[in-house]
Amino acid sequence: MSTSPLTTQTPATKREQAERAMRHSWFPVARSVDLDTPEPAVLLGEQLVVFRDADGVARVTARRCPHRGADLSQGAVTGGSIGCPYHGWRFDGADGGCTYVPSLPDQSKIPPKAAIRTYPAVERFGHVWTVLEKPVAELYDPPEWHGHDLVWLAANPLNSPTGVAAAIENFRDVAHFPFVHQVSMGPTPEVVEPLQVRRDGIDVRMERPLDAGEGDWANQGDCMMSYHCTAPGFASISYHYEQAGLRVVAGFPSPVDYEQVKIFWGVANDRDFKGDSLEECLRVEEMVYLEDMPVVENLSPREVPWDAEVPEFSVPADLFTLNYRRAFVELMNRTAEQAESAGGTPS
């Protein structure tokens, strides 16, 4: 009598765990101001269309028409449905069902399985957000902004050949300022003071004073900067000025695939902010972003080496980075636990 060899499941690599966690995380896929017509989007390889229905509700659905494969982002919105540009089939933005086939004299004969996949859609921070699978955490809602009436201005998104974690780490890294941001920030010390970083689950925070310098970035005087990152894809700086009040810059890199992001980002001022206009704040923050791009787009590897495939070395100035990576690993673990509690394998 022969027996079959035992089969064992190969444990997922950290990279695979990171990709899985991102499928269960919220990301922006369009700016709210761009929804006069349907917008194409790609999230972790999924082809999506983002549109606003006749009631003003943002919708996110699959982009491919299941009739003959046309691109629904080239179609038009009618009522609550997105129409196909090829044969005019319409699909409900809420449940994905086909609502109309022009070539059919009897609409009761619509193929019952004709439908497109729909995804959650939430508008926040001037953007439309979605999630591909059951979310592990709620959409970002920083408590430090509660009680403030923030007015948002969404920037033109930037394309970057990097992963989400690499993009987030660049956003809040402070040791690169004197080497990358000489123009926007002016001269800044090369030696980084001891960083006061704290992590709570998937959230990482740090406070750091900003002493006004010669660059445009700091022309409103001294302030306290509050850094806040949430794994996987939220990073913000809240600038607290004693006289002017609160202003914010936030970045939300959205993964087109594992090693490429579309960086959605924006600025916000408290409604009674007494400093520069939103437009000026955006201009200055964009200068900072554009200084980063030539350096970051040549990182090797393009994403954090979760599986230690290349050596890296850290110093105390990297304390925030290391805590963000711990937060991301915690997100990976939560994703696996959610799948186990649902009685299945992680999707």
# chains A, B, ... in the order shown; residues from 1 in each chain; ligands from 1
$ residues_around --residues "region 37-44 of chain A" --least-positions-apart "6" --cutoff "10 Å" --atoms "only C-alpha atoms" --output "PyMOL selection string"
chain A and resi 19+22-23+27-31+50-53+59-63+71-77+82+130-132+254-262
$ closest_atom_pairs --of "region 262-302 of chain A" --to "region 216-237 of chain A" --cutoff "9 Å" --atoms "only C-alpha atoms" --output "JSON lines"
{"residue": "A:Gly275", "atom": "CA", "partner": "A:Gln220", "partner_atom": "CA", "distance": 6.8}
{"residue": "A:Asp276", "atom": "CA", "partner": "A:Gln220", "partner_atom": "CA", "distance": 7.7}
{"residue": "A:Cys281", "atom": "CA", "partner": "A:Trp217", "partner_atom": "CA", "distance": 8.4}
{"residue": "A:Val284", "atom": "CA", "partner": "A:Trp217", "partner_atom": "CA", "distance": 5.7}
{"residue": "A:Glu285", "atom": "CA", "partner": "A:Trp217", "partner_atom": "CA", "distance": 7.1}
{"residue": "A:Met287", "atom": "CA", "partner": "A:Trp217", "partner_atom": "CA", "distance": 8.6}
{"residue": "A:Val288", "atom": "CA", "partner": "A:Trp217", "partner_atom": "CA", "distance": 8.0}
$ residues_around --residues "Ile263 (chain A)" --least-positions-apart "6" --cutoff "7 Å" --atoms "only C-alpha atoms" --output "list of chain:residue names"
A:Pro157, A:Leu158, A:Asn159, A:Gly251, A:Phe252, A:Pro253, A:Ser254
$ write_last_selection --atoms "all heavy atoms" --output "PDB file, in the first residue's frame"
ATOM      1  N   PRO A 157      -2.098  64.925  -9.273  1.00  0.00           N
ATOM      2  CA  PRO A 157      -1.376  63.735  -8.826  1.00  0.00           C
ATOM      3  C   PRO A 157      -0.059  63.561  -9.565  1.00  0.00           C
ATOM      4  O   PRO A 157       0.117  64.036 -10.693  1.00  0.00           O
ATOM      5  CB  PRO A 157      -2.350  62.591  -9.109  1.00  0.00           C
ATOM      6  CG  PRO A 157      -3.307  63.129 -10.118  1.00  0.00           C
ATOM      7  CD  PRO A 157      -3.376  64.604  -9.913  1.00  0.00           C
ATOM      8  N   LEU A 158       0.869  62.868  -8.917  1.00  0.00           N
ATOM      9  CA  LEU A 158       2.201  62.626  -9.459  1.00  0.00           C
ATOM     10  C   LEU A 158       2.408  61.122  -9.635  1.00  0.00           C
ATOM     11  O   LEU A 158       2.028  60.333  -8.765  1.00  0.00           O
ATOM     12  CB  LEU A 158       3.269  63.172  -8.504  1.00  0.00           C
ATOM     13  CG  LEU A 158       3.173  64.661  -8.161  1.00  0.00           C
ATOM     14  CD1 LEU A 158       4.087  64.985  -6.983  1.00  0.00           C
ATOM     15  CD2 LEU A 158       3.533  65.506  -9.368  1.00  0.00           C
ATOM     16  N   ASN A 159       3.008  60.727 -10.746  1.00  0.00           N
ATOM     17  CA  ASN A 159       3.312  59.330 -10.986  1.00  0.00           C
ATOM     18  C   ASN A 159       4.750  59.041 -10.555  1.00  0.00           C
ATOM     19  O   ASN A 159       5.666  59.794 -10.884  1.00  0.00           O
ATOM     20  CB  ASN A 159       3.118  58.976 -12.460  1.00  0.00           C
ATOM     21  CG  ASN A 159       1.667  59.085 -12.883  1.00  0.00           C
ATOM     22  OD1 ASN A 159       0.783  58.517 -12.254  1.00  0.00           O
ATOM     23  ND2 ASN A 159       1.411  59.830 -13.952  1.00  0.00           N
ATOM     24  N   GLY A 251      -0.329  63.255   1.942  1.00  0.00           N
ATOM     25  CA  GLY A 251      -0.057  62.467   0.743  1.00  0.00           C
ATOM     26  C   GLY A 251      -0.676  61.091   0.856  1.00  0.00           C
ATOM     27  O   GLY A 251      -0.661  60.472   1.926  1.00  0.00           O
ATOM     28  N   PHE A 252      -1.218  60.606  -0.279  1.00  0.00           N
ATOM     29  CA  PHE A 252      -1.912  59.322  -0.304  1.00  0.00           C
ATOM     30  C   PHE A 252      -1.460  58.520  -1.535  1.00  0.00           C
ATOM     31  O   PHE A 252      -2.189  58.435  -2.521  1.00  0.00           O
ATOM     32  CB  PHE A 252      -3.429  59.519  -0.373  1.00  0.00           C
ATOM     33  CG  PHE A 252      -3.953  60.739   0.346  1.00  0.00           C
ATOM     34  CD1 PHE A 252      -4.474  61.810  -0.375  1.00  0.00           C
ATOM     35  CD2 PHE A 252      -3.922  60.824   1.719  1.00  0.00           C
ATOM     36  CE1 PHE A 252      -4.975  62.933   0.263  1.00  0.00           C
ATOM     37  CE2 PHE A 252      -4.419  61.947   2.382  1.00  0.00           C
ATOM     38  CZ  PHE A 252      -4.941  63.011   1.648  1.00  0.00           C
ATOM     39  N   PRO A 253      -0.258  57.954  -1.525  1.00  0.00           N
ATOM     40  CA  PRO A 253       0.181  57.197  -2.695  1.00  0.00           C
ATOM     41  C   PRO A 253      -0.722  55.991  -2.934  1.00  0.00           C
ATOM     42  O   PRO A 253      -0.963  55.194  -2.030  1.00  0.00           O
ATOM     43  CB  PRO A 253       1.614  56.783  -2.333  1.00  0.00           C
ATOM     44  CG  PRO A 253       1.664  56.847  -0.843  1.00  0.00           C
ATOM     45  CD  PRO A 253       0.736  57.938  -0.436  1.00  0.00           C
ATOM     46  N   SER A 254      -1.191  55.868  -4.153  1.00  0.00           N
ATOM     47  CA  SER A 254      -2.136  54.810  -4.509  1.00  0.00           C
ATOM     48  C   SER A 254      -1.442  53.830  -5.454  1.00  0.00           C
ATOM     49  O   SER A 254      -0.951  54.233  -6.513  1.00  0.00           O
ATOM     50  CB  SER A 254      -3.368  55.419  -5.190  1.00  0.00           C
ATOM     51  OG  SER A 254      -4.353  54.454  -5.454  1.00  0.00           O
TER      52      SER A 254
END
$ atom_distance --atom1 "CA of Leu139 (chain A)" --atom2 "CA of Ala21 (chain A)"
14.1 Å
$ residues_around --residues "region 188-190 of chain A" --least-positions-apart "6" --cutoff "9 Å" --atoms "only C-alpha atoms" --output "JSON, numbers by chain"
{"A": [175, 176, 177, 178, 179, 181, 182, 213]}
$ write_last_selection --atoms "C-alpha atoms" --output "PDB file, in the first residue's frame"
ATOM      1  CA  ALA A 175      17.321  63.407   7.200  1.00  0.00           C
ATOM      2  CA  HIS A 176      17.175  64.162   3.477  1.00  0.00           C
ATOM      3  CA  PHE A 177      16.116  67.810   3.850  1.00  0.00           C
ATOM      4  CA  PRO A 178      19.602  69.425   3.598  1.00  0.00           C
ATOM      5  CA  PHE A 179      20.478  67.377   0.508  1.00  0.00           C
ATOM      6  CA  HIS A 181      15.394  70.534  -0.430  1.00  0.00           C
ATOM      7  CA  GLN A 182      18.015  73.281  -0.407  1.00  0.00           C
ATOM      8  CA  GLY A 213      14.477  79.646   7.491  1.00  0.00           C
TER       9      GLY A 213
END
$ atom_distance --atom1 "CA of Asn170 (chain A)" --atom2 "CA of Val49 (chain A)"
28.9 Å
